[in-house]
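For reference, data_26.tsv is printed below; it contains TSV, C-alpha atoms and all ligand atoms.
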chain	number	residue	atom	x	y	z
A	1264	MET	CA	88.16	-27.97	212.06
A	1265	MET	CA	84.39	-27.71	212.36
A	1266	LYS	CA	83.49	-24.45	214.04
A	1267	GLU	CA	81.60	-25.40	217.16
A	1268	LEU	CA	79.09	-23.04	218.69
A	1269	LEU	CA	80.66	-22.45	222.07
A	1270	LEU	CA	77.84	-21.51	224.43
A	1271	ILE	CA	79.43	-22.28	227.77
A	1272	PRO	CA	79.37	-19.33	230.18
A	1273	GLY	CA	82.95	-18.44	229.37
A	1274	PRO	CA	85.19	-18.52	227.54
A	1275	THR	CA	82.78	-17.17	224.94
A	1276	PRO	CA	83.26	-17.03	221.16
A	1277	VAL	CA	85.72	-14.45	219.90
A	1278	SER	CA	85.04	-12.60	216.67
A	1279	ASP	CA	87.44	-12.71	213.73
A	1280	ASP	CA	88.57	-9.09	214.15
A	1281	VAL	CA	89.57	-9.81	217.75
A	1282	LEU	CA	91.42	-12.97	216.69
A	1283	TYR	CA	93.17	-10.92	214.03
A	1284	ALA	CA	94.20	-8.31	216.61
A	1285	LEU	CA	95.58	-11.12	218.76
A	1286	SER	CA	97.78	-12.32	215.90
A	1287	GLN	CA	99.56	-8.97	215.37
A	1288	PRO	CA	103.35	-9.01	215.74
A	1289	VAL	CA	104.44	-8.71	219.37
A	1290	ILE	CA	105.59	-5.24	220.40
A	1291	SER	CA	107.69	-4.08	223.33
A	1292	HIS	CA	105.75	-4.07	226.60
A	1293	THR	CA	107.30	-0.71	227.51
A	1294	SER	CA	106.94	0.98	224.12
A	1295	VAL	CA	105.03	4.20	223.60
A	1296	GLU	CA	102.69	2.17	221.34
A	1297	PHE	CA	101.85	-0.19	224.18
A	1298	ALA	CA	101.45	2.69	226.63
A	1299	ASN	CA	98.97	4.40	224.28
A	1300	LEU	CA	97.02	1.18	223.78
A	1301	LEU	CA	96.82	0.68	227.55
A	1302	LYS	CA	95.68	4.25	228.06
A	1303	GLU	CA	92.78	3.74	225.65
A	1304	ILE	CA	91.87	0.41	227.24
A	1305	LEU	CA	91.74	2.00	230.70
A	1306	VAL	CA	89.32	4.68	229.49
A	1307	TYR	CA	87.03	1.88	228.29
A	1308	VAL	CA	87.46	-0.03	231.57
A	1309	LYS	CA	86.33	2.97	233.62
A	1310	GLU	CA	83.30	3.33	231.39
A	1311	LEU	CA	82.45	-0.39	231.68
A	1312	PHE	CA	82.50	-0.34	235.48
A	1313	GLY	CA	80.94	3.12	235.80
A	1314	VAL	CA	84.07	4.57	237.43
A	1315	LYS	CA	84.57	8.30	237.80
A	1316	ASN	CA	86.49	8.36	241.06
A	1317	GLY	CA	88.62	5.27	241.12
A	1318	PHE	CA	91.62	3.56	239.61
A	1319	PRO	CA	91.34	1.08	236.72
A	1320	PHE	CA	93.73	-1.85	236.21
A	1321	VAL	CA	94.24	-4.56	233.61
A	1322	ILE	CA	96.52	-7.36	234.76
A	1323	THR	CA	97.56	-10.60	233.06
A	1324	GLY	CA	95.86	-13.54	234.72
A	1325	SER	CA	92.39	-15.04	234.99
A	1326	GLY	CA	89.34	-13.80	236.90
A	1327	THR	CA	90.40	-15.72	239.98
A	1328	LEU	CA	93.58	-13.62	240.11
A	1329	GLY	CA	91.31	-10.58	240.17
A	1330	MET	CA	89.45	-12.03	243.17
A	1331	GLU	CA	92.75	-12.71	244.91
A	1332	ILE	CA	94.06	-9.22	244.15
A	1333	ALA	CA	90.85	-7.77	245.58
A	1334	LEU	CA	91.15	-9.57	248.92
A	1335	THR	CA	94.93	-9.51	249.39
A	1336	ASN	CA	95.12	-5.75	248.89
A	1337	ILE	CA	92.42	-4.80	251.39
A	1338	LEU	CA	92.47	-7.49	254.11
A	1339	LYS	CA	95.05	-8.21	256.77
A	1340	ASP	CA	95.25	-10.67	259.69
A	1341	ASN	CA	92.27	-10.42	262.04
A	1342	ASP	CA	90.16	-8.61	259.48
A	1343	ASN	CA	86.90	-10.35	258.77
A	1344	LEU	CA	84.88	-10.85	255.70
A	1345	LEU	CA	81.20	-11.39	255.01
A	1346	VAL	CA	80.61	-13.40	251.85
A	1347	LEU	CA	77.27	-13.16	250.09
A	1348	SER	CA	77.09	-16.27	247.95
A	1349	HIS	CA	74.69	-17.22	245.21
A	1350	GLY	CA	76.66	-20.32	244.31
A	1351	TYR	CA	80.02	-21.79	243.38
A	1352	PHE	CA	81.76	-18.50	242.57
A	1353	GLY	CA	80.45	-16.76	245.66
A	1354	ASP	CA	81.82	-19.68	247.66
A	1355	ARG	CA	85.20	-19.16	246.02
A	1356	PHE	CA	85.63	-15.93	248.01
A	1357	GLU	CA	85.15	-17.93	251.20
A	1358	GLU	CA	87.71	-20.51	250.14
A	1359	LEU	CA	90.15	-17.78	249.13
A	1360	ALA	CA	89.72	-15.84	252.37
A	1361	LYS	CA	90.20	-19.00	254.44
A	1362	HIS	CA	93.32	-19.75	252.44
A	1363	LEU	CA	94.60	-16.29	253.42
A	1364	GLY	CA	93.75	-16.94	257.08
A	1365	ILE	CA	90.97	-14.38	257.18
A	1366	GLU	CA	87.90	-14.95	259.30
A	1367	VAL	CA	84.83	-15.49	257.12
A	1368	ASN	CA	81.08	-15.54	257.60
A	1369	LYS	CA	78.81	-16.43	254.76
A	1370	ILE	CA	75.19	-15.94	253.81
A	1371	LYS	CA	74.12	-18.42	251.19
A	1372	PRO	CA	70.50	-19.06	250.24
A	1373	ASN	CA	69.30	-22.16	248.38
A	1374	PRO	CA	70.41	-22.40	244.72
A	1375	GLY	CA	68.49	-19.88	242.61
A	1376	GLU	CA	67.35	-17.75	245.55
A	1377	HIS	CA	68.67	-14.26	246.26
A	1378	VAL	CA	70.27	-13.41	249.61
A	1379	ASP	CA	67.54	-12.23	251.99
A	1380	LEU	CA	68.10	-8.49	252.39
A	1381	GLU	CA	66.76	-8.33	255.95
A	1382	LEU	CA	68.99	-11.22	257.00
A	1383	PHE	CA	71.91	-9.37	255.44
A	1384	ARG	CA	71.03	-6.17	257.33
A	1385	LYS	CA	70.77	-8.10	260.60
A	1386	THR	CA	74.07	-9.93	260.03
A	1387	LEU	CA	75.86	-6.69	259.23
A	1388	LYS	CA	74.61	-5.19	262.49
A	1389	GLU	CA	75.82	-8.13	264.59
A	1390	LYS	CA	79.52	-7.43	264.22
A	1391	HIS	CA	81.94	-5.27	262.35
A	1392	TYR	CA	83.01	-6.57	258.97
A	1393	THR	CA	86.06	-5.17	257.18
A	1394	ALA	CA	84.59	-6.14	253.82
A	1395	VAL	CA	81.62	-7.71	252.08
A	1396	THR	CA	81.92	-9.66	248.83
A	1397	LEU	CA	79.16	-10.06	246.29
A	1398	THR	CA	79.16	-11.89	242.95
A	1399	HIS	CA	77.21	-9.78	240.46
A	1400	VAL	CA	76.24	-12.83	238.41
A	1401	ASP	CA	76.97	-16.22	239.90
A	1402	THR	CA	77.78	-18.37	236.90
A	1403	SER	CA	76.76	-21.56	238.69
A	1404	THR	CA	73.12	-20.60	239.33
A	1405	GLY	CA	72.60	-17.67	236.93
A	1406	VAL	CA	71.47	-15.43	239.79
A	1407	LEU	CA	71.82	-11.70	239.17
A	1408	ALA	CA	72.60	-10.02	242.48
A	1409	ASP	CA	70.80	-6.86	243.53
A	1410	VAL	CA	74.03	-4.90	243.94
A	1411	GLU	CA	72.26	-1.61	244.46
A	1412	SER	CA	70.11	-2.81	247.37
A	1413	ILE	CA	73.05	-4.56	249.04
A	1414	SER	CA	75.08	-1.37	248.64
A	1415	LYS	CA	72.32	0.72	250.24
A	1416	ILE	CA	72.22	-1.57	253.27
A	1417	ILE	CA	76.00	-1.34	253.68
A	1418	GLN	CA	75.76	2.46	253.50
A	1419	GLU	CA	73.01	2.53	256.11
A	1420	VAL	CA	74.41	-0.01	258.56
A	1421	SER	CA	78.18	-0.03	258.18
A	1422	PRO	CA	79.47	2.57	255.69
A	1423	GLU	CA	83.10	1.92	256.65
A	1424	THR	CA	82.84	-1.69	255.40
A	1425	LEU	CA	84.58	-2.16	252.05
A	1426	PHE	CA	82.42	-3.50	249.23
A	1427	VAL	CA	83.93	-5.99	246.76
A	1428	VAL	CA	82.02	-7.01	243.62
A	1429	ASP	CA	82.96	-9.90	241.33
A	1430	GLY	CA	81.76	-8.91	237.87
A	1431	VAL	CA	83.37	-11.79	235.97
A	1432	CYS	CA	80.15	-13.03	234.36
A	1433	ALA	CA	78.43	-9.64	234.41
A	1434	THR	CA	80.65	-6.74	233.34
A	1435	GLY	CA	79.77	-5.55	229.85
A	1436	GLY	CA	76.57	-7.63	229.78
A	1437	VAL	CA	74.82	-5.70	232.52
A	1438	LYS	CA	75.18	-2.19	233.88
A	1439	GLU	CA	77.57	-1.62	236.76
A	1440	GLU	CA	77.82	1.64	238.68
A	1441	PHE	CA	81.04	1.67	240.65
A	1442	ASP	CA	80.66	5.23	242.00
A	1443	ASN	CA	76.90	5.24	242.59
A	1444	TRP	CA	76.93	1.84	244.28
A	1445	LYS	CA	79.95	2.85	246.41
A	1446	ILE	CA	81.95	-0.17	245.31
A	1447	ASP	CA	85.53	-0.34	246.62
A	1448	VAL	CA	86.89	-3.10	244.40
A	1449	ILE	CA	85.31	-4.49	241.25
A	1450	LEU	CA	86.87	-7.11	239.03
A	1451	THR	CA	86.13	-9.05	235.88
A	1452	GLY	CA	87.75	-11.36	233.34
A	1453	SER	CA	88.32	-10.92	229.62
A	1454	GLN	CA	86.64	-14.16	228.49
A	1455	LYS	CA	82.97	-13.74	229.35
A	1456	ALA	CA	80.76	-10.84	228.25
A	1457	LEU	CA	83.82	-8.99	226.95
A	1458	ALA	CA	84.31	-11.64	224.24
A	1459	THR	CA	88.10	-11.66	224.44
A	1460	PRO	CA	90.25	-14.78	224.88
A	1461	PRO	CA	90.88	-15.76	228.52
A	1462	GLY	CA	93.90	-14.36	230.32
A	1463	LEU	CA	93.23	-10.82	231.52
A	1464	THR	CA	91.63	-9.53	234.67
A	1465	LEU	CA	90.18	-6.01	234.75
A	1466	LEU	CA	89.69	-4.22	238.05
A	1467	ALA	CA	88.92	-0.89	239.66
A	1468	PHE	CA	89.86	0.24	243.17
A	1469	SER	CA	88.31	3.13	245.05
A	1470	GLU	CA	90.41	5.78	246.73
A	1471	ARG	CA	89.78	4.29	250.17
A	1472	ALA	CA	90.60	0.75	248.96
A	1473	ILE	CA	93.97	2.11	247.82
A	1474	GLU	CA	94.40	3.80	251.21
A	1475	LYS	CA	93.65	0.48	252.92
A	1476	ARG	CA	96.28	-1.22	250.76
A	1477	LYS	CA	98.80	1.42	251.84
A	1478	SER	CA	98.10	0.63	255.49
A	1479	ILE	CA	98.75	-3.13	255.23
A	1480	LYS	CA	101.44	-5.52	254.07
A	1481	PRO	CA	99.74	-7.52	251.30
A	1482	ARG	CA	100.33	-11.25	251.07
A	1483	THR	CA	101.05	-10.97	247.38
A	1484	TYR	CA	103.89	-9.64	245.27
A	1485	TYR	CA	102.63	-10.01	241.68
A	1486	GLY	CA	99.19	-8.90	242.79
A	1487	ASP	CA	100.30	-5.78	244.64
A	1488	ILE	CA	98.05	-3.09	243.28
A	1489	LEU	CA	100.52	-0.30	244.14
A	1490	LYS	CA	103.15	-1.87	241.88
A	1491	TRP	CA	100.60	-2.07	239.05
A	1492	MET	CA	99.37	1.47	239.64
A	1493	VAL	CA	102.73	2.79	238.40
A	1494	VAL	CA	102.28	0.87	235.13
A	1495	MET	CA	98.64	1.88	234.70
A	1496	GLU	CA	99.60	5.53	235.07
A	1497	ASP	CA	102.48	5.18	232.61
A	1498	GLY	CA	102.52	2.12	230.35
A	1499	THR	CA	106.21	2.60	229.52
A	1500	LYS	CA	107.06	1.62	233.12
A	1501	TYR	CA	107.95	-1.99	233.87
A	1502	PHE	CA	106.74	-4.19	236.70
A	1503	ALA	CA	105.98	-7.60	235.15
A	1504	THR	CA	105.52	-8.28	231.43
A	1505	PRO	CA	101.86	-7.97	230.37
A	1506	SER	CA	100.52	-10.40	227.74
A	1507	VAL	CA	100.85	-7.73	225.05
A	1508	ASN	CA	98.79	-9.56	222.42
A	1509	LEU	CA	95.86	-10.12	224.74
A	1510	PHE	CA	95.83	-6.36	225.25
A	1511	PHE	CA	95.53	-5.95	221.45
A	1512	ALA	CA	92.59	-8.33	221.52
A	1513	LEU	CA	90.92	-6.66	224.49
A	1514	HIS	CA	91.30	-3.26	222.89
A	1515	GLN	CA	89.71	-4.49	219.67
A	1516	SER	CA	86.82	-6.11	221.49
A	1517	LEU	CA	86.15	-3.08	223.70
A	1518	LYS	CA	86.32	-0.81	220.68
A	1519	GLY	CA	83.66	-2.99	219.04
A	1520	ILE	CA	81.45	-2.82	222.16
A	1521	PHE	CA	81.74	0.96	222.44
A	1522	ASP	CA	81.13	1.36	218.70
A	1523	ILE	CA	77.79	-0.44	219.20
A	1524	GLY	CA	77.29	1.59	222.38
A	1525	LEU	CA	77.42	0.13	225.87
A	1526	GLU	CA	73.69	0.66	226.48
A	1527	ASN	CA	72.89	-1.14	223.21
A	1528	TYR	CA	75.23	-3.96	224.20
A	1529	PHE	CA	73.31	-4.37	227.49
A	1530	LYS	CA	70.04	-4.35	225.55
A	1531	LYS	CA	71.33	-7.04	223.22
A	1532	HIS	CA	72.06	-9.24	226.24
A	1533	GLU	CA	68.59	-8.67	227.70
A	1534	ASP	CA	66.97	-9.42	224.38
A	1535	LEU	CA	68.88	-12.66	223.81
A	1536	ALA	CA	68.27	-13.81	227.39
A	1537	ARG	CA	64.53	-13.27	227.01
A	1538	ARG	CA	64.43	-15.19	223.72
A	1539	VAL	CA	66.41	-18.16	225.05
A	1540	ARG	CA	64.23	-18.39	228.17
A	1541	ASN	CA	61.00	-18.17	226.21
A	1542	ALA	CA	62.17	-20.98	223.95
A	1543	MET	CA	63.33	-23.21	226.82
A	1544	SER	CA	60.12	-22.60	228.70
A	1545	GLU	CA	58.26	-23.87	225.62
A	1546	ILE	CA	60.29	-27.12	225.94
A	1547	GLY	CA	59.16	-27.22	229.58
A	1548	LEU	CA	62.50	-26.46	231.22
A	1549	THR	CA	62.69	-24.57	234.50
A	1550	LEU	CA	65.11	-21.76	235.19
A	1551	VAL	CA	67.12	-22.08	238.41
A	1552	ALA	CA	67.44	-18.35	239.14
A	1553	LYS	CA	64.55	-16.39	240.60
A	1554	ARG	CA	66.38	-13.21	239.61
A	1555	PRO	CA	68.01	-14.31	236.36
A	1556	ALA	CA	71.06	-12.72	234.74
A	1557	PRO	CA	71.12	-11.41	231.17
A	1558	THR	CA	74.43	-13.17	230.45
A	1559	LEU	CA	73.66	-16.84	230.99
A	1560	SER	CA	70.82	-19.17	231.95
A	1561	VAL	CA	70.82	-22.30	234.05
A	1562	PHE	CA	68.04	-24.79	233.33
A	1563	LEU	CA	67.02	-27.98	235.10
A	1564	TYR	CA	66.41	-31.11	233.02
A	1565	PRO	CA	63.00	-32.67	232.79
A	1566	ASP	CA	62.69	-36.08	234.49
A	1567	GLY	CA	64.54	-38.87	232.74
A	1568	VAL	CA	67.12	-36.77	230.89
A	1569	GLU	CA	70.69	-37.73	231.71
A	1570	ASP	CA	73.22	-34.89	231.65
A	1571	LYS	CA	76.15	-36.52	229.84
A	1572	THR	CA	73.88	-38.04	227.19
A	1573	PHE	CA	72.16	-34.72	226.52
A	1574	ARG	CA	75.34	-32.66	226.28
A	1575	GLY	CA	77.08	-35.41	224.29
A	1576	LYS	CA	74.33	-35.55	221.67
A	1577	LEU	CA	74.20	-31.77	221.49
A	1578	LYS	CA	77.96	-31.60	220.98
A	1579	GLU	CA	77.61	-34.01	218.03
A	1580	LYS	CA	75.34	-31.35	216.51
A	1581	GLY	CA	78.06	-28.73	217.07
A	1582	VAL	CA	76.64	-26.95	220.13
A	1583	ILE	CA	78.54	-26.86	223.39
A	1584	VAL	CA	76.77	-26.02	226.65
A	1585	ALA	CA	78.11	-26.49	230.18
A	1586	ASN	CA	77.19	-28.82	233.01
A	1587	THR	CA	75.78	-27.48	236.26
A	1588	LEU	CA	78.06	-27.26	239.30
A	1589	ALA	CA	78.16	-28.18	242.98
A	1590	GLU	CA	74.70	-28.86	244.47
A	1591	LEU	CA	73.19	-28.75	241.00
A	1592	TYR	CA	75.72	-31.14	239.42
A	1593	GLY	CA	74.08	-33.43	236.86
A	1594	LYS	CA	70.69	-31.80	237.30
A	1595	GLY	CA	70.77	-29.28	234.49
A	1596	PHE	CA	72.83	-27.34	231.99
A	1597	ARG	CA	74.18	-23.81	231.66
A	1598	ILE	CA	74.02	-21.83	228.44
A	1599	GLY	CA	75.82	-18.54	227.87
A	1600	HIS	CA	74.15	-15.87	225.74
A	1601	MET	CA	76.76	-13.19	226.18
A	1602	GLY	CA	79.55	-11.44	224.36
A	1603	SER	CA	79.69	-11.65	220.59
A	1604	VAL	CA	77.00	-14.37	220.34
A	1605	THR	CA	74.28	-13.43	217.85
A	1606	LYS	CA	70.57	-14.06	217.54
A	1607	ASP	CA	71.25	-16.12	214.40
A	1608	GLU	CA	73.67	-18.37	216.27
A	1609	LEU	CA	71.28	-18.78	219.18
A	1610	ILE	CA	68.37	-19.80	217.00
A	1611	VAL	CA	70.54	-22.59	215.61
A	1612	ALA	CA	71.44	-23.60	219.16
A	1613	VAL	CA	67.83	-23.49	220.34
A	1614	SER	CA	66.76	-25.62	217.41
A	1615	LYS	CA	69.48	-28.23	218.12
A	1616	ILE	CA	68.56	-28.25	221.80
A	1617	ALA	CA	64.91	-28.89	220.91
A	1618	GLU	CA	65.94	-31.74	218.57
A	1619	THR	CA	68.16	-33.28	221.22
A	1620	PHE	CA	65.41	-33.29	223.83
A	1621	GLU	CA	63.06	-34.79	221.28
A	1622	GLU	CA	65.55	-37.60	220.60
A	1623	LEU	CA	65.69	-38.22	224.33
A	1624	GLY	CA	61.95	-38.73	224.49
A	1625	VAL	CA	60.84	-35.29	225.68
A	1626	LYS	CA	57.71	-34.16	223.89
A	1627	VAL	CA	58.69	-31.04	221.98
A	1628	ASN	CA	56.88	-28.93	219.40
A	1629	LYS	CA	59.87	-27.50	217.57
A	1630	GLY	CA	57.78	-24.94	215.67
A	1631	ASN	CA	56.47	-23.51	218.92
A	1632	VAL	CA	59.97	-23.44	220.39
A	1633	LEU	CA	61.32	-21.48	217.43
A	1634	ASN	CA	58.34	-19.14	217.50
A	1635	ALA	CA	58.88	-18.52	221.18
A	1636	PHE	CA	62.47	-17.57	220.41
A	1637	LEU	CA	61.51	-15.31	217.53
A	1638	SER	CA	58.58	-13.52	219.09
B	1701	LIG	C1	84.41	-17.50	235.55
B	1701	LIG	C2	84.20	-16.83	236.84
B	1701	LIG	C3	85.24	-16.65	237.77
B	1701	LIG	C4	86.59	-17.26	237.60
B	1701	LIG	O1	87.27	-16.74	236.52
B	1701	LIG	P1	88.53	-17.51	235.93
B	1701	LIG	O2	88.89	-16.65	234.76
B	1701	LIG	O3	88.09	-18.88	235.56
B	1701	LIG	O4	89.57	-17.53	236.98
B	1701	LIG	C5	84.97	-15.95	238.91
B	1701	LIG	N1	83.75	-15.44	239.16
B	1701	LIG	C6	82.74	-15.60	238.29
B	1701	LIG	C7	81.42	-15.00	238.62
B	1701	LIG	C8	82.93	-16.31	237.12
B	1701	LIG	O5	81.92	-16.46	236.26

As structure tokens, what does this structure read like?
Amino acid sequence: MMKELLLIPGPTPVSDDVLYALSQPVISHTSVEFANLLKEILVYVKELFGVKNGFPFVITGSGTLGMEIALTNILKDNDNLLVLSHGYFGDRFEELAKHLGIEVNKIKPNPGEHVDLELFRKTLKEKHYTAVTLTHVDTSTGVLADVESISKIIQEVSPETLFVVDGVCATGGVKEEFDNWKIDVILTGSQKALATPPGLTLLAFSERAIEKRKSIKPRTYYGDILKWMVVMEDGTKYFATPSVNLFFALHQSLKGIFDIGLENYFKKHEDLARRVRNAMSEIGLTLVAKRPAPTLSVFLYPDGVEDKTFRGKLKEKGVIVANTLAELYGKGFRIGHMGSVTKDELIVAVSKIAETFEELGVKVNKGNVLNAFLS
């Protein structure tokens, strides 16, 4: 099988040592070995999210399960939610809350724009919200949310409102400060910047989010955070069988990240993002996000380039990028530069992208594009 360069914004490529960890013999999910592995993973998880006072969790299921766990454990009937949406994944909180019968209001700027902070302040003053959700990086537009500023406004206007942050396309690739930003629930998935196969959701709950859970009857059984808390505190306890091998893989990947150093891992993401954007700007592509994320970029096509043709030709050259979603469908492409992806791999991708545009009639100076990436 030809090894394709998988540059969609998740799942991201997984390194050989992580794949090897995944292929270890299965062990008992209540063994002391598993409990020790989980304990080490949870130390890493706290570090990733910036948690000092809070409870970490790793639960089998995708990022969307993490979103559902977040809302079902802190919201009850008649509670209301304010969704701050920078795109498709922000909107998912609205859909989820409506599904649960929770009243939702949403602030959603045009694609690529950041939520207006004064509008947010005004909206928060208008009525009491039980919780606010924010997507740290919306994978549909590539917008990096200003979590700190949003948090400050919540603290000033409505400090009792719970703050939920979706870190699925952010955690590991960009700094998160659970305690300092007064986050109540943060969640992520294994398959994006954490460079682990899909299938695990990582979360942290604040003390008061746990208290809120204790005061309600959650509309979830598998996702009940109190049931999982027992397992997180003692991995030899049973609630529901974790995907043991994915935990091996996650442990290996997190060990690799912390061996490099988390700060260095963030820097690597910033560096690769800058290089990719410089190169694409040389081709003449425009970035959708005004406040772009270090983990992925979303570019609009120049006039006359058809999405399926572009991505099809690029795939023939071994490079996979993703289509744009929702309002931006067909108008551009999304490229991930997160996780284990290297500069060497990205220069190959950038070169193939330049060639593909050239074949489609876009005037490209490939030398300049490569120089822009390298400088
Ligand atoms: C990918 C993603 C999700 C959904 O995660 P799944 O693992 O596909 O369920 C949610 N939020 C964001 C920001 C994402 O990028």

Separation of CA of Ala1536 (chain A) and CA of Cys1432 (chain A), in Å?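 That distance, rounded to one decimal, is 13.8 Å.
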
Quick one: contact table of region 1514-1578 of chain A to region 1603-1620 of chain A, 8 Å max, nearest atom pair and distance in Å to one decimal per residue, counting all atoms listed in the file, chain and number order, as a Markdown table?
| residue | atom | partner | partner_atom | distance |
| --- | --- | --- | --- | --- |
| A:Leu1535 | CA | A:Lys1606 | CA | 6.6 |
| A:Val1539 | CA | A:Val1613 | CA | 7.3 |
| A:Ala1542 | CA | A:Val1613 | CA | 7.2 |
| A:Met1543 | CA | A:Val1613 | CA | 7.9 |
| A:Ile1546 | CA | A:Ala1617 | CA | 7.1 |
| A:Phe1573 | CA | A:Thr1619 | CA | 6.8 |
| A:Lys1576 | CA | A:Thr1619 | CA | 6.6 |
| A:Leu1577 | CA | A:Thr1619 | CA | 6.2 |

What does the structure give for the distance between CA of Ala1552 (chain A) and CA of Gly1405 (chain A), in Å to one decimal?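 If I compute the distance from CA of Ala1552 (chain A) to CA of Gly1405 (chain A), I get 5.7 Å.
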
Let me see if you get this right: every residue at most 10 Å from ligand LIG 1701 (chain B), counting all atoms listed in the file, written as a ChimeraX atom specification. /A:1272-1274,1324-1331,1349-1356,1397-1403,1405,1428-1434,1450-1456,1461-1464,1559

Quick one: of A:Leu1347, A:Ile1337, A:Val1561, A:Val1627, who's nearest to Val1584 (chain A), counting only C-alpha atoms? A:Val1561

Atom pair CA of Asp1497 (chain A) / CA of Arg1482 (chain A): separation (Å): 24.8 Å

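Restricting the calculation to all atoms listed in the file, the smallest distance between Thr1483 (chain A) and any of A:Asn1336, A:Thr1504, A:Asn1631, A:Ser1421 is found for A:Asn1336.
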
Only N, CA and C atoms, as a JSON list (two decimals), in the first residue's frame: that is what I want for region 1415-1433 of chain A.
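result-v7.json, freshly written:
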[["chain", "number", "residue", "atom", "x", "y", "z"],
["A", 1415, "LYS", "N", -12.65, 36.14, 30.42],
["A", 1415, "LYS", "CA", -12.65, 37.37, 31.23],
["A", 1415, "LYS", "C", -14.03, 38.00, 31.26],
["A", 1416, "ILE", "N", -14.68, 38.01, 30.10],
["A", 1416, "ILE", "CA", -16.02, 38.61, 30.03],
["A", 1416, "ILE", "C", -17.01, 37.79, 30.88],
["A", 1417, "ILE", "N", -16.91, 36.48, 30.81],
["A", 1417, "ILE", "CA", -17.79, 35.64, 31.65],
["A", 1417, "ILE", "C", -17.56, 35.97, 33.13],
["A", 1418, "GLN", "N", -16.29, 36.09, 33.50],
["A", 1418, "GLN", "CA", -15.97, 36.38, 34.91],
["A", 1418, "GLN", "C", -16.51, 37.74, 35.34],
["A", 1419, "GLU", "N", -16.47, 38.70, 34.42],
["A", 1419, "GLU", "CA", -16.94, 40.04, 34.78],
["A", 1419, "GLU", "C", -18.47, 40.13, 34.84],
["A", 1420, "VAL", "N", -19.12, 39.49, 33.84],
["A", 1420, "VAL", "CA", -20.57, 39.68, 33.69],
["A", 1420, "VAL", "C", -21.39, 38.63, 34.43],
["A", 1421, "SER", "N", -20.95, 37.38, 34.36],
["A", 1421, "SER", "CA", -21.79, 36.29, 34.86],
["A", 1421, "SER", "C", -20.91, 35.13, 35.36],
["A", 1422, "PRO", "N", -20.19, 35.36, 36.47],
["A", 1422, "PRO", "CA", -19.20, 34.36, 36.91],
["A", 1422, "PRO", "C", -19.80, 33.01, 37.27],
["A", 1423, "GLU", "N", -21.13, 32.97, 37.50],
["A", 1423, "GLU", "CA", -21.72, 31.66, 37.85],
["A", 1423, "GLU", "C", -21.99, 30.81, 36.61],
["A", 1424, "THR", "N", -21.90, 31.41, 35.42],
["A", 1424, "THR", "CA", -22.10, 30.66, 34.18],
["A", 1424, "THR", "C", -20.95, 29.69, 33.95],
["A", 1425, "LEU", "N", -21.31, 28.45, 33.62],
["A", 1425, "LEU", "CA", -20.28, 27.43, 33.39],
["A", 1425, "LEU", "C", -19.70, 27.61, 31.98],
["A", 1426, "PHE", "N", -18.40, 27.37, 31.89],
["A", 1426, "PHE", "CA", -17.68, 27.61, 30.63],
["A", 1426, "PHE", "C", -17.17, 26.28, 30.07],
["A", 1427, "VAL", "N", -17.66, 25.95, 28.87],
["A", 1427, "VAL", "CA", -17.32, 24.68, 28.22],
["A", 1427, "VAL", "C", -16.46, 24.97, 26.99],
["A", 1428, "VAL", "N", -15.31, 24.32, 26.89],
["A", 1428, "VAL", "CA", -14.42, 24.55, 25.74],
["A", 1428, "VAL", "C", -14.18, 23.23, 25.00],
["A", 1429, "ASP", "N", -14.45, 23.26, 23.70],
["A", 1429, "ASP", "CA", -14.14, 22.12, 22.82],
["A", 1429, "ASP", "C", -12.73, 22.32, 22.29],
["A", 1430, "GLY", "N", -11.82, 21.45, 22.71],
["A", 1430, "GLY", "CA", -10.43, 21.55, 22.29],
["A", 1430, "GLY", "C", -10.05, 20.51, 21.25],
["A", 1431, "VAL", "N", -11.05, 19.92, 20.57],
["A", 1431, "VAL", "CA", -10.73, 18.76, 19.72],
["A", 1431, "VAL", "C", -9.63, 19.05, 18.70],
["A", 1432, "CYS", "N", -9.67, 20.22, 18.07],
["A", 1432, "CYS", "CA", -8.65, 20.47, 17.05],
["A", 1432, "CYS", "C", -7.56, 21.42, 17.58],
["A", 1433, "ALA", "N", -7.49, 21.55, 18.91],
["A", 1433, "ALA", "CA", -6.57, 22.51, 19.50],
["A", 1433, "ALA", "C", -5.62, 21.84, 20.50]]
